[in-house]
Amino acid sequence: MDMGTSTLITAYLVACVGSALGLLSAERARTATGASRNGWLAIAAVSIGGLGIWGMHFTAMLGTWMGAKVAYDIPITLASMVVAIVVVALGLLVVRRGDNTRLWPFLAGGLITGLGVAGMHYTGMASIVIGADVTYHPGLVVLSVVIAVAAATAALWATANVRGWLAVAGAALVMGVAVTGMHYTGMHAMHVMLTPNAPLVVDNSSELITSLIIGGAGVSVVIIFLLALTSSGDEGGEDAELLDRVMRRNESHQFGRTDSVS
């Protein structure tokens, strides 16, 4: 298989964009409440799972030459995207409901999400329609799953702890390496043996997948830009709200002491 350097770089950039938007959304979720918080967590799950992981996977797949014409089963392809989003959402919920000062929520969430991401990868591979026999190297498959769990654990830790644009950018770059590393390890586990006299595969799916990835990346870049424009104002609002809470608490303590004296 020829995976191509330019394809690897493009896939890595897609993973970084999705990760960056997911981290920024998770940061907003930490200071939000109610429906707003759930909304930001949903955006984080779609960004990391739908673009950062699934989008990276199929960006890399579309640029990989396997020795024969390849098409994709659309229902299975879309199912793999749903799997990626759902497992990231589950991981975020585990971390949200756990004690973030302890390690176990991240380990539990990372295990759930990592196994799900690996499942997404191999579901996506199962969507390939090609005139060939496809087998996998068991050792590399296990290694790809281990990388997926480790990457998911680190990503969930980042969603709960990373703050500020520089930290988000750095974490997104690291997450991009982890996500693409898992994908290409899984790809190296794949062995394609072309079938003689196999029927010609007609590709009617690549344009749809490409449109989904480009559209998702474009929307993500716009949202990241808008978040950048509004971040300073929101931080000021948060500081004012915190100061207001402290002042109200101090006033209540003072009234309490006055009543006790009288």
# chains A, B, ... in the order shown; residues from 1 in each chain; ligands from 1
>>> select_by_dssp(residues="stretch 22-222 of chain A", states="alpha helix (DSSP H)", output="MDAnalysis selection string")
chainID A and resid 22:31 34:45 56:62 74:97 104:126 138:161 165:188 206:222
>>> residues_around(residues="A:Ala152", least_positions_apart="4", cutoff="8 Å", atoms="only C-alpha atoms", output="PyMOL selection string")
chain A and resi 109-111+113-114+148+156
>>> write_last_selection(atoms="C-alpha atoms", output="mmCIF file, in the first residue's frame")
data_model
loop_
_atom_site.group_PDB
_atom_site.id
_atom_site.type_symbol
_atom_site.label_atom_id
_atom_site.label_comp_id
_atom_site.auth_asym_id
_atom_site.auth_seq_id
_atom_site.Cartn_x
_atom_site.Cartn_y
_atom_site.Cartn_z
ATOM 1 C CA GLY A 109 -13.255 7.003 30.137
ATOM 2 C CA GLY A 110 -10.059 6.401 28.160
ATOM 3 C CA LEU A 111 -10.675 2.654 28.085
ATOM 4 C CA THR A 113 -13.335 5.716 24.289
ATOM 5 C CA GLY A 114 -10.140 4.006 23.157
ATOM 6 C CA ALA A 148 -6.078 4.192 20.879
ATOM 7 C CA LEU A 156 -9.950 13.200 27.981
#
>>> residues_around(residues="stretch 212-227 of chain A", least_positions_apart="3", cutoff="9 Å", atoms="only C-alpha atoms", output="PyMOL selection string")
chain A and resi 14+17-18+20-21+24-25+47+50-51+54-56+58-59+207-209+230-231
>>> write_last_selection(atoms="all heavy atoms", output="compact mmCIF listing (two decimals), in the first residue's frame")
# COMPACT_ATOMS: atom_id res chain seq x y z
N VAL A 14 -6.16 17.56 9.75
CA VAL A 14 -7.59 17.36 10.05
C VAL A 14 -7.76 16.93 11.50
O VAL A 14 -8.65 17.42 12.21
CB VAL A 14 -8.20 16.30 9.10
CG1 VAL A 14 -9.61 15.91 9.56
CG2 VAL A 14 -8.25 16.83 7.67
N VAL A 17 -7.23 20.02 13.76
CA VAL A 17 -8.35 20.97 13.74
C VAL A 17 -9.50 20.44 14.59
O VAL A 17 -10.08 21.16 15.41
CB VAL A 17 -8.82 21.23 12.29
CG1 VAL A 17 -10.13 22.01 12.28
CG2 VAL A 17 -7.75 22.00 11.53
N GLY A 18 -9.86 19.16 14.39
CA GLY A 18 -10.93 18.57 15.18
C GLY A 18 -10.62 18.56 16.66
O GLY A 18 -11.48 18.85 17.50
N ALA A 20 -8.55 20.60 18.28
CA ALA A 20 -8.52 21.96 18.80
C ALA A 20 -9.93 22.46 19.11
O ALA A 20 -10.19 23.02 20.19
CB ALA A 20 -7.84 22.90 17.81
N LEU A 21 -10.85 22.25 18.17
CA LEU A 21 -12.22 22.68 18.41
C LEU A 21 -12.84 21.91 19.58
O LEU A 21 -13.56 22.49 20.40
CB LEU A 21 -13.08 22.50 17.16
CG LEU A 21 -14.55 22.89 17.29
CD1 LEU A 21 -14.69 24.33 17.76
CD2 LEU A 21 -15.28 22.70 15.97
N LEU A 24 -11.44 23.38 22.83
CA LEU A 24 -12.02 24.70 23.11
C LEU A 24 -13.46 24.57 23.58
O LEU A 24 -13.89 25.29 24.50
CB LEU A 24 -11.96 25.56 21.84
CG LEU A 24 -10.57 26.04 21.43
CD1 LEU A 24 -10.63 26.70 20.06
CD2 LEU A 24 -9.99 27.00 22.46
N SER A 25 -14.20 23.66 22.98
CA SER A 25 -15.60 23.44 23.38
C SER A 25 -15.66 22.86 24.79
O SER A 25 -16.52 23.25 25.59
CB SER A 25 -16.29 22.50 22.39
OG SER A 25 -16.28 23.04 21.09
N SER A 47 -16.71 17.22 17.38
CA SER A 47 -15.44 17.74 16.85
C SER A 47 -14.33 16.71 16.96
O SER A 47 -13.62 16.45 15.97
CB SER A 47 -15.05 19.02 17.61
OG SER A 47 -16.05 19.99 17.50
N GLY A 50 -16.08 13.13 15.41
CA GLY A 50 -16.53 13.20 14.03
C GLY A 50 -15.48 13.71 13.07
O GLY A 50 -15.33 13.19 11.96
N LEU A 51 -14.73 14.75 13.46
CA LEU A 51 -13.71 15.32 12.57
C LEU A 51 -12.31 14.85 12.94
O LEU A 51 -11.59 14.31 12.10
CB LEU A 51 -13.77 16.85 12.60
CG LEU A 51 -12.76 17.57 11.70
CD1 LEU A 51 -13.00 17.18 10.24
CD2 LEU A 51 -12.86 19.08 11.86
N TRP A 54 -12.74 10.44 13.02
CA TRP A 54 -13.34 9.86 11.81
C TRP A 54 -12.87 10.59 10.55
O TRP A 54 -12.52 9.97 9.55
CB TRP A 54 -14.86 9.92 11.91
CG TRP A 54 -15.57 9.29 10.75
CD1 TRP A 54 -15.92 7.98 10.61
CD2 TRP A 54 -16.02 9.96 9.56
NE1 TRP A 54 -16.57 7.78 9.41
CE2 TRP A 54 -16.63 8.99 8.74
CE3 TRP A 54 -15.96 11.28 9.11
CZ2 TRP A 54 -17.19 9.29 7.49
CZ3 TRP A 54 -16.50 11.59 7.87
CH2 TRP A 54 -17.11 10.60 7.08
N GLY A 55 -12.87 11.92 10.59
CA GLY A 55 -12.42 12.69 9.44
C GLY A 55 -10.97 12.41 9.09
O GLY A 55 -10.61 12.29 7.91
N MET A 56 -10.12 12.31 10.12
CA MET A 56 -8.72 11.97 9.88
C MET A 56 -8.61 10.61 9.23
O MET A 56 -7.85 10.41 8.27
CB MET A 56 -7.96 12.00 11.20
CG MET A 56 -6.51 11.57 11.13
SD MET A 56 -6.20 9.78 11.04
CE MET A 56 -7.17 9.17 12.41
N PHE A 58 -10.70 8.83 7.33
CA PHE A 58 -11.07 8.71 5.92
C PHE A 58 -10.29 9.66 5.02
O PHE A 58 -10.16 9.42 3.83
CB PHE A 58 -12.58 8.88 5.75
CG PHE A 58 -13.32 7.60 6.03
CD1 PHE A 58 -13.89 7.36 7.27
CD2 PHE A 58 -13.39 6.60 5.07
CE1 PHE A 58 -14.54 6.17 7.53
CE2 PHE A 58 -14.04 5.40 5.32
CZ PHE A 58 -14.61 5.18 6.55
N THR A 59 -9.74 10.75 5.59
CA THR A 59 -8.80 11.55 4.81
C THR A 59 -7.59 10.69 4.44
O THR A 59 -7.14 10.69 3.28
CB THR A 59 -8.33 12.77 5.61
OG1 THR A 59 -9.45 13.61 5.89
CG2 THR A 59 -7.30 13.57 4.82
N GLU A 207 -16.67 10.97 -3.28
CA GLU A 207 -17.08 12.37 -3.31
C GLU A 207 -17.92 12.74 -2.08
O GLU A 207 -17.75 13.82 -1.50
CB GLU A 207 -17.87 12.66 -4.58
CG GLU A 207 -17.02 12.64 -5.84
CD GLU A 207 -17.82 13.05 -7.07
OE1 GLU A 207 -19.01 13.39 -6.89
OE2 GLU A 207 -17.26 13.03 -8.17
N LEU A 208 -18.80 11.85 -1.65
CA LEU A 208 -19.62 12.12 -0.47
C LEU A 208 -18.75 12.22 0.77
O LEU A 208 -18.91 13.15 1.58
CB LEU A 208 -20.66 11.01 -0.29
CG LEU A 208 -21.48 11.06 1.01
CD1 LEU A 208 -22.26 12.37 1.10
CD2 LEU A 208 -22.40 9.85 1.11
N ILE A 209 -17.84 11.27 0.94
CA ILE A 209 -16.97 11.28 2.13
C ILE A 209 -16.09 12.52 2.13
O ILE A 209 -15.92 13.19 3.16
CB ILE A 209 -16.11 10.01 2.17
CG1 ILE A 209 -17.00 8.77 2.28
CG2 ILE A 209 -15.12 10.06 3.33
CD1 ILE A 209 -16.26 7.46 2.16
N THR A 230 -14.46 35.86 20.70
CA THR A 230 -15.30 36.06 21.88
C THR A 230 -14.65 35.63 23.18
O THR A 230 -15.21 35.84 24.24
CB THR A 230 -16.62 35.28 21.73
OG1 THR A 230 -16.33 33.88 21.59
CG2 THR A 230 -17.38 35.76 20.51
N SER A 231 -13.47 35.04 23.12
CA SER A 231 -12.87 34.45 24.33
C SER A 231 -12.55 35.50 25.37
O SER A 231 -12.81 35.33 26.55
CB SER A 231 -11.60 33.67 23.97
OG SER A 231 -10.64 34.54 23.39
>>> residues_around(residues="stretch 3-12 of chain A", least_positions_apart="4", cutoff="12 Å", atoms="only C-alpha atoms", output="JSON, numbers by chain")
{"A": [16, 17, 18, 19, 51, 52, 53, 54, 55, 56, 57, 58, 59, 60, 61, 62, 63, 64, 65, 66, 67, 172, 173, 174, 175, 176, 177, 178, 179, 180, 181, 182, 183, 184, 185, 187, 188, 213, 214, 217]}
>>> residues_around(residues="stretch 86-98 of chain A", least_positions_apart="4", cutoff="9 Å", atoms="only C-alpha atoms", output="PDB file with C-alpha atoms, in the first residue's frame")
ATOM      1  CA  ALA A  26     -14.722  21.363  26.445  1.00  0.00           C
ATOM      2  CA  LEU A  41     -19.959  18.879  25.352  1.00  0.00           C
ATOM      3  CA  ALA A  42     -21.930  17.723  22.304  1.00  0.00           C
ATOM      4  CA  ALA A  44     -16.695  18.628  21.688  1.00  0.00           C
ATOM      5  CA  ALA A  45     -17.804  15.038  20.987  1.00  0.00           C
ATOM      6  CA  VAL A  46     -18.677  15.788  17.358  1.00  0.00           C
ATOM      7  CA  ILE A  48     -13.080  15.181  18.344  1.00  0.00           C
ATOM      8  CA  GLY A  49     -14.972  12.059  17.282  1.00  0.00           C
ATOM      9  CA  MET A  81     -18.723   8.025  12.184  1.00  0.00           C
ATOM     10  CA  VAL A  82     -21.598   7.590  14.642  1.00  0.00           C
ATOM     11  CA  ARG A 102      -8.340  11.464  40.649  1.00  0.00           C
ATOM     12  CA  TRP A 104      -9.739   6.654  37.642  1.00  0.00           C
ATOM     13  CA  PRO A 105     -12.304   8.720  35.660  1.00  0.00           C
ATOM     14  CA  PHE A 106      -9.719   9.326  32.942  1.00  0.00           C
ATOM     15  CA  ALA A 108     -12.236   4.442  32.726  1.00  0.00           C
ATOM     16  CA  GLY A 109     -13.255   7.003  30.137  1.00  0.00           C
ATOM     17  CA  GLY A 110     -10.059   6.401  28.160  1.00  0.00           C
ATOM     18  CA  LEU A 111     -10.675   2.654  28.085  1.00  0.00           C
ATOM     19  CA  ILE A 112     -14.260   3.085  26.855  1.00  0.00           C
ATOM     20  CA  THR A 113     -13.335   5.716  24.289  1.00  0.00           C
ATOM     21  CA  GLY A 114     -10.140   4.006  23.157  1.00  0.00           C
ATOM     22  CA  LEU A 115     -11.841   0.673  22.526  1.00  0.00           C
ATOM     23  CA  GLY A 116     -14.595   2.534  20.707  1.00  0.00           C
ATOM     24  CA  VAL A 117     -12.116   4.445  18.549  1.00  0.00           C
ATOM     25  CA  ALA A 152      -8.142   8.610  24.350  1.00  0.00           C
ATOM     26  CA  THR A 153      -7.043   8.799  27.998  1.00  0.00           C
ATOM     27  CA  LEU A 156      -9.950  13.200  27.981  1.00  0.00           C
ATOM     28  CA  TRP A 157      -7.419  14.518  30.489  1.00  0.00           C
ATOM     29  CA  THR A 159     -10.527  18.217  27.844  1.00  0.00           C
ATOM     30  CA  ALA A 160     -10.739  18.513  31.636  1.00  0.00           C
TER      31      ALA A 160
END
